[in-house]
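Text of upload23.cif, listed as mmCIF, C-alpha atoms:
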data_target
loop_
_atom_site.label_atom_id
_atom_site.label_comp_id
_atom_site.auth_asym_id
_atom_site.auth_seq_id
_atom_site.Cartn_x
_atom_site.Cartn_y
_atom_site.Cartn_z
CA MET Q 1 -52.72 -20.48 52.33
CA LYS Q 2 -54.07 -20.48 48.81
CA GLY Q 3 -53.90 -16.73 48.69
CA LYS Q 4 -50.28 -16.78 49.79
CA ARG Q 5 -49.38 -19.34 47.10
CA PHE Q 6 -51.19 -17.26 44.52
CA ILE Q 7 -49.21 -14.16 45.52
CA LEU Q 8 -45.92 -16.07 45.39
CA THR Q 9 -46.79 -17.47 41.97
CA ALA Q 10 -47.74 -14.02 40.72
CA VAL Q 11 -44.49 -12.55 42.03
CA ALA Q 12 -42.48 -15.36 40.41
CA VAL Q 13 -44.24 -14.84 37.07
CA ALA Q 14 -43.73 -11.09 37.29
CA LEU Q 15 -40.07 -11.56 38.10
CA SER Q 16 -39.61 -13.97 35.20
CA LEU Q 17 -41.30 -11.52 32.85
CA ALA Q 18 -39.15 -8.68 34.14
CA VAL Q 19 -35.99 -10.73 33.66
CA ALA Q 20 -37.06 -11.74 30.16
CA LEU Q 21 -37.85 -8.15 29.24
CA ALA Q 22 -34.56 -6.98 30.70
CA VAL Q 23 -32.68 -9.58 28.67
CA VAL Q 24 -34.43 -8.52 25.47
CA ALA Q 25 -33.85 -4.85 26.25
CA ALA Q 26 -30.19 -5.47 27.08
CA SER Q 27 -29.77 -7.40 23.88
CA LYS Q 28 -31.32 -4.57 21.87
CA THR Q 29 -29.31 -1.95 23.72
CA SER Q 30 -26.06 -3.79 23.26
CA ARG Q 31 -26.70 -4.17 19.56
CA ALA Q 32 -27.57 -0.49 19.16
CA ASP Q 33 -24.71 0.68 21.35
CA ALA Q 34 -22.07 -1.73 20.08
CA ALA Q 35 -19.23 0.04 18.37
CA PRO Q 36 -18.81 -0.73 14.69
CA LEU Q 37 -16.34 -3.51 14.03
CA ASN Q 38 -12.93 -2.49 12.77
CA VAL Q 39 -12.35 -4.39 9.54
CA ASP Q 40 -9.74 -4.50 6.80
CA GLN Q 41 -12.13 -5.10 3.91
CA VAL Q 42 -15.55 -3.88 2.86
CA PRO Q 43 -17.88 -6.77 3.79
CA ALA Q 44 -20.36 -8.26 1.34
CA ALA Q 45 -23.17 -7.30 3.74
CA ILE Q 46 -23.01 -4.66 6.45
CA PRO Q 47 -23.61 -6.17 9.92
CA ALA Q 48 -26.12 -4.58 12.28
CA GLN Q 49 -23.52 -2.74 14.35
CA GLY Q 50 -21.71 -1.50 11.26
CA VAL Q 51 -18.02 -1.59 10.32
CA THR Q 52 -15.19 0.93 10.31
CA LEU Q 53 -12.46 0.88 7.71
CA LEU Q 54 -9.11 2.66 8.04
CA ALA Q 55 -9.82 3.08 11.75
CA GLY Q 56 -7.78 5.85 13.32
CA TYR Q 57 -6.83 7.14 9.88
CA ALA Q 58 -9.81 8.03 7.72
CA ASP Q 59 -12.38 6.37 10.01
CA ILE Q 60 -14.85 5.38 7.32
CA THR Q 61 -17.90 3.84 8.97
CA LEU Q 62 -20.51 1.86 7.05
CA MET Q 63 -23.86 1.21 8.70
CA PRO Q 64 -26.70 -0.87 7.27
CA PRO Q 65 -29.36 1.21 5.52
CA THR Q 66 -32.42 1.92 7.63
CA SER Q 67 -35.89 1.01 6.48
CA ASP Q 68 -37.23 4.54 6.13
CA LEU Q 69 -37.80 6.31 2.83
CA SER Q 70 -34.63 8.36 3.10
CA ALA Q 71 -32.72 5.11 2.75
CA THR Q 72 -34.08 4.45 -0.72
CA PRO Q 73 -31.40 4.99 -3.36
CA THR Q 74 -32.33 7.06 -6.38
CA VAL Q 75 -29.08 6.08 -8.07
CA SER Q 76 -28.88 2.40 -8.98
CA ALA Q 77 -25.82 0.28 -8.31
CA GLU Q 78 -25.31 -0.05 -12.06
CA LYS Q 79 -25.39 3.73 -12.46
CA ALA Q 80 -23.02 4.20 -9.52
CA LEU Q 81 -20.50 1.95 -11.25
CA THR Q 82 -20.44 4.36 -14.18
CA LEU Q 83 -19.83 7.31 -11.85
CA ALA Q 84 -16.75 5.80 -10.18
CA PRO Q 85 -13.33 5.10 -11.68
CA VAL Q 86 -13.22 1.82 -13.59
CA ILE Q 87 -10.33 -0.44 -12.69
CA ASP Q 88 -8.92 -3.35 -14.69
CA SER Q 89 -9.84 -6.28 -12.52
CA PRO Q 90 -10.04 -10.05 -12.96
CA SER Q 91 -13.46 -10.05 -11.31
CA PRO Q 92 -16.49 -7.77 -11.47
CA PRO Q 93 -16.62 -5.07 -8.78
CA SER Q 94 -18.81 -5.65 -5.75
CA THR Q 95 -21.37 -3.10 -4.60
CA VAL Q 96 -23.02 -2.72 -1.24
CA LEU Q 97 -25.44 -0.07 -0.02
CA ALA Q 98 -24.59 1.59 3.29
CA ILE Q 99 -24.98 4.70 5.38
CA VAL Q 100 -21.51 6.20 5.24
CA THR Q 101 -19.70 8.55 7.58
CA ALA Q 102 -16.04 9.45 7.21
CA GLY Q 103 -14.89 10.60 10.63
CA SER Q 104 -11.75 12.26 9.28
CA THR Q 105 -13.86 14.63 7.19
CA LEU Q 106 -15.99 15.91 10.09
CA PRO Q 107 -15.35 19.08 12.06
CA PRO Q 108 -14.46 18.73 15.74
CA PRO Q 109 -17.53 18.26 17.99
CA GLY Q 110 -19.39 21.51 18.46
CA GLU Q 111 -17.84 23.16 15.42
CA SER Q 112 -19.82 24.10 12.33
CA ALA Q 113 -19.41 21.92 9.25
CA LYS Q 114 -19.08 25.07 7.14
CA GLY Q 115 -15.76 24.97 5.36
CA TYR Q 116 -15.56 21.17 5.58
CA ASN Q 117 -16.08 18.69 2.75
CA ALA Q 118 -17.79 16.38 5.21
CA VAL Q 119 -19.18 12.91 4.54
CA ASP Q 120 -21.76 12.42 7.26
CA ASP Q 121 -24.59 9.87 7.27
CA ARG Q 122 -24.84 9.57 3.51
CA LEU Q 123 -26.68 6.76 1.80
CA ALA Q 124 -24.11 5.52 -0.65
CA TRP Q 125 -22.92 2.70 -2.84
CA VAL Q 126 -19.60 1.25 -1.80
CA ILE Q 127 -17.84 -0.13 -4.86
CA THR Q 128 -14.86 -2.45 -4.46
CA TYR Q 129 -12.44 -3.57 -7.14
CA ALA Q 130 -9.76 -6.25 -6.68
CA TYR Q 131 -6.48 -5.67 -8.48
CA PRO Q 132 -4.98 -8.55 -10.47
CA GLU Q 133 -1.97 -8.24 -8.18
CA PRO Q 134 -1.15 -5.92 -5.27
CA ILE Q 135 0.06 -2.44 -6.20
CA ASP Q 136 2.15 0.08 -4.32
CA VAL Q 137 -0.18 2.94 -3.42
CA ARG Q 138 1.99 5.07 -1.12
CA GLN Q 139 2.70 8.62 -2.24
CA GLY Q 140 5.90 9.02 -0.28
CA LYS Q 141 8.15 11.88 0.66
CA LEU Q 142 11.44 12.83 -0.93
CA PRO Q 143 14.24 10.73 0.58
CA THR Q 144 16.65 13.57 1.28
CA ASP Q 145 20.21 13.24 2.51
CA GLY Q 146 20.49 9.70 1.22
CA ALA Q 147 17.69 8.39 3.42
CA SER Q 148 15.90 5.30 2.22
CA PRO Q 149 12.48 5.86 0.71
CA PRO Q 150 9.56 4.49 2.73
CA SER Q 151 8.77 0.87 2.01
CA PRO Q 152 6.07 0.28 -0.59
CA LEU Q 153 2.50 0.06 0.69
CA MET Q 154 0.99 -2.85 -1.22
CA ARG Q 155 -2.77 -3.00 -1.56
CA SER Q 156 -5.07 -5.43 -3.38
CA HIS Q 157 -8.38 -3.56 -3.33
CA VAL Q 158 -9.61 -0.07 -4.10
CA ASN Q 159 -12.97 1.21 -2.91
CA PHE Q 160 -15.04 4.10 -4.21
CA ILE Q 161 -18.11 5.52 -2.49
CA ILE Q 162 -20.83 7.12 -4.59
CA ASP Q 163 -23.75 9.03 -3.06
CA ALA Q 164 -26.86 6.95 -3.76
CA GLN Q 165 -29.08 10.05 -3.91
CA SER Q 166 -27.02 12.54 -5.88
CA GLY Q 167 -24.50 10.33 -7.67
CA ALA Q 168 -21.63 12.43 -6.31
CA PHE Q 169 -18.25 10.85 -5.65
CA LEU Q 170 -17.77 11.04 -1.87
CA ILE Q 171 -14.51 9.32 -1.01
CA GLY Q 172 -12.19 6.52 -2.12
CA PHE Q 173 -9.55 4.44 -0.37
CA PHE Q 174 -7.41 1.33 -0.58
CA THR Q 175 -7.74 -1.84 1.46
CA GLU Q 176 -5.60 -4.92 1.85
CA MET K 1 11.85 -4.88 -9.88
CA ARG K 2 14.18 -2.08 -10.93
CA ALA K 3 15.44 -1.53 -7.39
CA ARG K 4 16.26 -5.21 -7.13
CA LYS K 5 18.03 -5.02 -10.49
CA ILE K 6 20.12 -2.05 -9.35
CA TRP K 7 21.12 -3.90 -6.21
CA ALA K 8 21.91 -7.03 -8.21
CA ILE K 9 24.11 -5.04 -10.61
CA SER K 10 25.82 -3.40 -7.64
CA ILE K 11 26.56 -6.73 -6.04
CA VAL K 12 27.93 -8.18 -9.27
CA ALA K 13 30.11 -5.09 -9.76
CA ALA K 14 31.44 -5.41 -6.23
CA VAL K 15 32.31 -9.07 -6.75
CA VAL K 16 33.95 -8.38 -10.12
CA THR K 17 36.06 -5.51 -8.84
CA GLY K 18 36.82 -7.22 -5.56
CA SER K 19 35.82 -4.10 -3.75
CA ALA K 20 33.22 -3.65 -1.09
CA MET K 21 29.64 -3.68 -2.23
CA ILE K 22 28.76 -0.60 -4.22
CA ALA K 23 25.63 1.02 -2.87
CA PRO K 24 23.12 2.45 -5.31
CA ALA K 25 23.20 6.22 -5.73
CA ALA K 26 21.18 8.04 -3.11
CA TYR K 27 18.61 9.08 -5.71
CA ALA K 28 18.68 6.03 -7.94
CA VAL K 29 15.57 5.69 -10.03
CA ASP K 30 13.22 3.59 -7.98
CA PHE K 31 9.58 3.03 -7.27
CA PHE K 32 9.35 6.58 -5.99
CA GLN K 33 10.39 9.35 -8.38
CA PHE K 34 10.12 13.03 -7.51
CA CYS K 35 10.53 16.35 -9.25
CA GLY K 36 10.04 19.63 -7.39
CA MET K 37 11.38 21.50 -4.39
CA ALA K 38 11.76 21.33 -0.63
CA SER K 39 12.61 23.81 2.08
CA ASN K 40 16.19 23.61 3.22
CA THR K 41 17.15 21.50 6.20
CA GLY K 42 17.71 23.51 9.34
CA MET K 43 14.87 25.98 8.92
CA THR K 44 12.97 26.37 12.15
CA GLY K 45 9.33 26.78 12.95
CA ILE K 46 7.83 25.33 9.76
CA ARG K 47 4.36 24.06 10.59
CA GLY K 48 2.65 23.99 7.20
CA ALA K 49 3.01 24.06 3.43
CA ARG K 50 0.82 25.43 0.68
CA VAL K 51 1.06 25.93 -3.08
CA ASN K 52 -1.13 26.35 -6.13
CA ILE K 53 -0.63 23.44 -8.53
CA GLU K 54 -1.86 23.54 -12.09
CA ARG K 55 -4.24 20.81 -13.20
CA TYR K 56 -3.03 18.15 -15.59
CA ASN K 57 -4.23 14.69 -16.59
CA PRO K 58 -1.09 12.58 -17.06
CA ARG K 59 -0.77 9.34 -18.99
CA VAL K 60 -0.80 6.55 -16.41
CA ALA K 61 -0.57 3.03 -17.83
CA THR K 62 0.55 1.55 -14.52
CA GLN K 63 0.53 2.61 -10.90
CA SER K 64 0.15 6.39 -10.39
CA SER K 65 1.22 9.98 -10.97
CA SER K 66 0.60 12.76 -8.48
CA ALA K 67 1.38 16.36 -7.58
CA TRP K 68 1.17 17.61 -4.02
CA SER K 69 2.01 19.93 -1.17
CA MET K 70 3.52 18.33 1.94
CA ALA K 71 4.47 19.16 5.51
CA ASP K 72 6.84 16.64 6.97
CA ASN K 73 9.49 15.99 9.57
CA HIS K 74 12.80 15.82 7.80
CA ALA K 75 14.37 13.25 10.10
CA GLY K 76 11.44 10.86 10.39
CA SER K 77 11.30 7.66 8.39
CA GLY K 78 7.65 8.44 7.76
CA SER K 79 6.34 11.66 9.31
CA TYR K 80 4.57 13.30 6.41
CA ALA K 81 1.18 14.70 5.49
CA GLN K 82 0.31 15.65 1.94
CA VAL K 83 -2.56 16.86 -0.19
CA GLY K 84 -2.80 17.25 -3.95
CA TRP K 85 -4.05 15.48 -7.06
CA LEU K 86 -3.45 11.85 -7.92
CA GLU K 87 -4.05 10.01 -11.17
CA LEU K 88 -4.49 6.30 -10.73
CA ASN K 89 -4.22 3.77 -13.52
CA SER K 90 -7.89 3.37 -14.43
CA LYS K 91 -10.06 3.30 -17.50
CA SER K 92 -11.72 6.48 -16.28
CA ASN K 93 -8.52 8.46 -16.79
CA ASN K 94 -9.35 11.21 -14.32
CA PRO K 95 -7.17 12.59 -11.55
CA TYR K 96 -8.69 12.85 -8.07
CA TYR K 97 -7.83 15.06 -5.15
CA PHE K 98 -6.26 13.12 -2.30
CA TRP K 99 -4.63 13.36 1.09
CA GLU K 100 -2.26 10.95 2.82
CA TYR K 101 -0.58 10.71 6.22
CA ALA K 102 2.30 8.62 7.60
CA ASP K 103 3.22 8.51 11.27
CA SER K 104 6.78 8.66 12.62
CA THR K 105 7.30 4.93 12.04
CA GLY K 106 6.17 5.14 8.42
CA PHE K 107 2.79 3.53 9.17
CA ASP K 108 0.37 4.72 6.55
CA LEU K 109 -2.95 3.44 5.19
CA GLY K 110 -2.54 5.04 1.79
CA PRO K 111 -4.03 7.88 -0.20
CA VAL K 112 -7.65 8.80 0.47
CA PHE K 113 -9.45 10.14 -2.58
CA ARG K 114 -11.79 13.09 -2.41
CA ASP K 115 -13.54 14.81 -5.32
CA PRO K 116 -12.51 14.24 -8.92
CA VAL K 117 -10.46 17.10 -10.34
CA PRO K 118 -12.96 19.13 -12.42
CA ASN K 119 -13.12 18.68 -16.18
CA GLY K 120 -11.09 15.52 -16.02
CA GLY K 121 -8.05 17.49 -14.88
CA ASP K 122 -7.81 19.07 -18.33
CA TYR K 123 -4.97 21.49 -18.81
CA THR K 124 -6.76 24.85 -19.01
CA GLY K 125 -4.52 26.98 -16.81
CA ALA K 126 -6.73 26.34 -13.79
CA ASP K 127 -5.01 25.39 -10.58
CA ASP K 128 -5.87 24.46 -7.00
CA LEU K 129 -4.49 25.65 -3.68
CA PHE K 130 -3.27 22.70 -1.63
CA THR K 131 -2.60 23.39 2.04
CA VAL K 132 -1.33 21.14 4.84
CA GLN K 133 -1.17 22.84 8.20
CA TYR K 134 -0.33 21.75 11.72
CA VAL K 135 -2.74 23.66 13.93
CA SER K 136 -3.37 23.17 17.66
CA GLY K 137 -1.77 19.75 17.59
CA ASP K 138 -3.75 18.47 14.59
CA ILE K 139 -3.09 18.41 10.85
CA LYS K 140 -5.64 19.91 8.48
CA TYR K 141 -5.69 19.11 4.76
CA ARG K 142 -7.32 21.83 2.67
CA ILE K 143 -8.11 22.18 -1.00
CA ASN K 144 -9.01 25.68 -2.11
CA GLY K 145 -9.63 26.54 1.53
CA VAL K 146 -12.03 23.68 2.25
CA VAL K 147 -11.01 21.12 4.86
CA GLN K 148 -10.91 17.63 3.35
CA ALA K 149 -9.68 15.78 6.43
CA THR K 150 -8.08 16.15 9.83
CA THR K 151 -5.40 13.97 11.39
CA TYR K 152 -5.74 14.26 15.16
CA ASN K 153 -2.67 14.18 17.42
CA PRO K 154 0.03 13.19 14.94
CA ASP K 155 3.11 11.72 16.67
CA TRP K 156 5.46 14.16 14.94
CA THR K 157 5.66 17.86 14.19
CA PRO K 158 6.62 19.30 10.81
CA ASP K 159 9.89 21.07 10.12
CA GLN K 160 9.95 20.88 6.33
CA ALA K 161 7.77 21.82 3.36
CA GLU K 162 7.83 19.93 0.05
CA PHE K 163 6.15 20.48 -3.32
CA HIS K 164 6.56 17.73 -5.90
CA CYS K 165 5.27 15.83 -8.84
CA GLU K 166 5.70 12.11 -8.17
CA VAL K 167 5.40 8.88 -10.13
CA HIS K 168 5.64 5.26 -9.08
CA ASN K 169 6.94 2.40 -11.07
CA GLY K 170 9.78 0.01 -11.42
CA ASP K 171 9.52 -0.62 -15.15
CA PRO K 172 11.17 1.95 -17.46
CA ASP K 173 8.96 0.91 -20.38
CA THR K 174 5.74 1.82 -18.62
CA ASP K 175 6.74 4.64 -16.32
CA PRO K 176 3.71 6.86 -15.78
CA GLN K 177 3.95 10.40 -17.08
CA ILE K 178 5.13 12.89 -14.50
CA GLY K 179 2.80 15.92 -14.50
CA GLY K 180 3.22 18.16 -17.56
CA ASP K 181 4.77 17.99 -21.02
CA SER K 182 7.20 20.34 -22.75
CA ASN K 183 4.39 22.49 -24.15
CA HIS K 184 2.09 22.25 -21.14
CA LYS K 185 4.22 22.47 -18.05
CA VAL K 186 2.66 22.15 -14.60
CA ASP K 187 3.11 25.41 -12.69
CA PHE K 188 3.71 25.46 -8.96
CA THR K 189 2.68 28.95 -7.92
CA ASN K 190 3.30 30.85 -4.69
CA PRO K 191 4.76 28.07 -2.55
CA ALA K 192 4.78 29.10 1.08
CA PHE K 193 5.40 27.74 4.54
CA TYR K 194 3.49 28.43 7.73
CA SER K 195 5.71 29.52 10.60
CA MET K 196 4.99 28.91 14.26
CA ASN K 197 7.34 31.77 15.06
CA ASP K 198 4.82 34.41 14.01
CA ASP K 199 1.74 32.36 12.95
CA LEU K 200 2.04 33.67 9.41
CA TRP K 201 2.55 32.26 5.94
CA HIS K 202 5.86 33.13 4.27
CA SER K 203 6.56 32.82 0.56
CA PHE K 204 9.55 30.88 -0.65
CA ASN K 205 11.85 33.01 -2.73
CA PRO K 206 12.68 31.37 -6.05
CA TYR K 207 16.13 32.93 -5.95
CA GLY K 208 16.55 32.69 -2.19
CA THR K 209 18.59 30.22 -0.24
CA ASN K 210 15.81 28.65 1.80
CA ASN K 211 14.86 26.01 -0.72
CA THR K 212 16.34 23.39 -3.00
CA MET K 213 15.11 21.94 -6.27
CA TYR K 214 15.19 18.15 -6.66
CA ASN K 215 14.77 15.74 -9.51
CA THR K 216 15.02 12.05 -8.72
CA SER K 217 12.88 11.05 -11.68
CA GLU K 218 14.02 9.37 -14.86
CA HIS K 219 11.88 11.45 -17.23
CA GLY K 220 10.94 14.59 -15.30
CA ASN K 221 12.44 18.05 -15.44
CA TRP K 222 11.93 21.34 -13.63
CA GLN K 223 12.52 24.95 -14.53
CA LYS K 224 12.41 27.96 -12.27
CA CYS K 225 10.48 31.05 -13.24
CA GLN K 226 12.30 33.53 -15.37
CA THR K 227 11.88 36.67 -13.30
CA ASN K 228 12.07 37.50 -9.63
CA ASP K 229 8.43 38.52 -9.43
CA ASP K 230 6.99 35.56 -11.30
CA PRO K 231 4.66 33.93 -8.77
CA LYS K 232 4.70 30.68 -10.69
CA PHE K 233 8.03 29.88 -9.04
CA PHE K 234 8.73 26.65 -10.92
CA LYS K 235 7.34 24.34 -13.56
CA VAL K 236 7.54 20.58 -13.97
CA TRP K 237 7.14 18.42 -17.05
CA ASP K 238 7.90 15.00 -18.51
CA LEU K 239 10.65 15.12 -21.12
CA ARG K 240 9.12 12.33 -23.19
CA TYR K 241 6.01 14.26 -24.19
CA ASN K 242 5.18 17.52 -25.95
CA SER K 243 1.42 17.22 -26.21
CA LEU K 244 -1.57 16.67 -23.98
CA PRO K 245 -2.75 13.10 -23.46
#
As structure tokens, how would this structure be written, given the file I've shared?
Amino acid sequence: MKGKRFILTAVAVALSLAVALAVVAASKTSRADAAPLNVDQVPAAIPAQGVTLLAGYADITLMPPTSDLSATPTVSAEKALTLAPVIDSPSPPSTVLAIVTAGSTLPPPGESAKGYNAVDDRLAWVITYAYPEPIDVRQGKLPTDGASPPSPLMRSHVNFIIDAQSGAFLIGFFTE
Amino acid sequence: MRARKIWAISIVAAVVTGSAMIAPAAYAVDFFQFCGMASNTGMTGIRGARVNIERYNPRVATQSSSAWSMADNHAGSGSYAQVGWLELNSKSNNPYYFWEYADSTGFDLGPVFRDPVPNGGDYTGADDLFTVQYVSGDIKYRINGVVQATTYNPDWTPDQAEFHCEVHNGDPDTDPQIGGDSNHKVDFTNPAFYSMNDDLWHSFNPYGTNNTMYNTSEHGNWQKCQTNDDPKFFKVWDLRYNSLP
């Protein structure tokens, strides 16, 4: 009888442990596999699953820096600010470190990146300026045959991404 | 602001004259001002546009000044893809390469900057080859042969090529400089379109009938090359200036 109870207890404990481990594993997996969040602004801190800006257009994904040595910037945030355009703004620019990939710059899967100015997994400073008031950023097309020009595209922020290892300008874009 | 003013003046004029409302001219000076050329309507098979554009660093106190090559759909309210250089109002005073795409509804998320134009865009005679091409259902944006971006599965196909300098503003007192000045004009060299009919690039003929020059800008001007074999094709400049910034 005692032996049977012991076996049942052991099975119950093992099952509980297995469930707990599965929950932890699932939680880790879901975090790692979760798609980056589509956002309209560069966040102050990059969440664990990352964010994508200009989704479906430029597809600029920012992931949090990893803890390995390759994620150590050799260019400081202050230096990066001097390597990007300087915008008249009522507030100081924000900077955030991220691993940056611009999907629109990559070759199709399986194709060589030769001949592409690709931004792929680069440790970089993301610099964001706020304009004093929204500006029209659209570079439109000629309104021929009396057609109306496209409506203005008003934007309040401009973002510049500077490689945190080389200091190179990688990409820039506007956000709402 | 200016567009609103033009409409307001039109409405007042209509009331005063007792006539129907007078619409602004089709190319009234507005936020968008262009100077350059476009392929003629009705051409068939155009699937890309390319041109060499000379570097210049315009004066931009507000908004922006740009020069670009574009493939677009003539009838679409949006439907364009362009690549070129763009000078933004900034203390850095440096043009950047850019690309931009609008779908058939006009939806667009704005210019995307790539590398800074070398040497601050100084006028040295150097130019860059800007190419937009619709290939296998996608649009590729190239600068000097290097792909800067791809737009996958656009919801329109090109039928027109455009090559322009462009400025944005609504205030005549602070209009940005359109590329070039009277002594340093911006050359557009070897404009060409890519044809799906034979998968080849074809040069526009400066004296042919397949293209039209446009100037919807308040201060810009264009001039065609002076000989039939001049590859520069046309030049653009801002009439207000005769010296480099």
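Using the PyMOL selection byres ((chain K) within 7 of (chain Q)) on the file at hand returns these residues: Ala26, Phe34, Gln63, Ser77, Gly78, Tyr80, Ser90, Lys91, Ser92, Gly106, Leu109, Gly110, Pro111, Val112, Phe113, Arg114, Asp115, Val146, Val147, Gln148, Ala149, Thr150 and Thr151 of chain K.
The list of residues with at least one atom within 12 Å of region 208-211 of chain K, based on only C-alpha atoms and without residues fewer than 6 positions apart in the same chain, reads Gly36, Met37, Ala38, Ser39, Asn40, Thr41, Gly42, Met43, Thr44, Ile46, Gln160, Ala161, Glu162, Phe163, Pro191, Ala192, Phe193, His202, Lys224, Asn228, Phe233 and Phe234 of chain K.
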Q: Taking the file as shown, find all residues satisfying the PyMOL selection byres ((chain K and resi 53) around 12) and write them as JSON, numbers by chain.
A: {"K": [36, 50, 51, 52, 54, 55, 56, 66, 67, 68, 69, 83, 84, 85, 86, 97, 117, 121, 123, 125, 126, 127, 128, 129, 130, 131, 143, 144, 163, 164, 165, 179, 180, 185, 186, 187, 188, 189, 190, 191, 231, 232, 233, 234, 235, 236]}
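Here CA of Val158 (chain Q) and CA of Ala61 (chain K) stand 16.7 Å from one another.
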Q.
Report, in Å with one decimal, the straight-line distance from CA of Pro58 (chain K) to CA of Pro95 (chain K).
A. 8.2 Å
Q) Mind telling me what the PyMOL selection byres ((chain K and resi 138) around 12) catches here, as an NGL selection string? A) (:Q and (104 or 107-108)) or (:K and (47-48 or 81 or 101 or 132-137 or 139-141 or 149-158))
Q: Write out as an MDAnalysis selection string the residues lying within 7 Å of Val39 (chain Q), counting all atoms listed in the file and excluding same-chain residues fewer than 6 positions away.
A: chainID Q and resid 51:53
Q) Can you tell me how far CA of His74 (chain K) sits from CA of Asn215 (chain K), in Å to one decimal? A) 17.4 Å
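Taking all atoms listed in the file, the non-local environment of Thr101 (chain Q) within 6 Å (same-chain residues fewer than 3 positions away omitted) comprises Q:Ile60, Q:Thr61, Q:Val119, Q:Asp120, Q:Asp121.
All protein and nucleic acid residues in the vicinity of (-23.8, -4.2, -0.9), that is within 10 Å when counting all atoms listed in the file, are Q:Val42, Q:Pro43, Q:Ala44, Q:Ala45, Q:Ile46, Q:Pro64, Q:Ala77, Q:Ser94, Q:Thr95, Q:Val96, Q:Leu97, Q:Ala98, Q:Ala124, Q:Trp125, Q:Val126, Q:Ile127, Q:Thr128.
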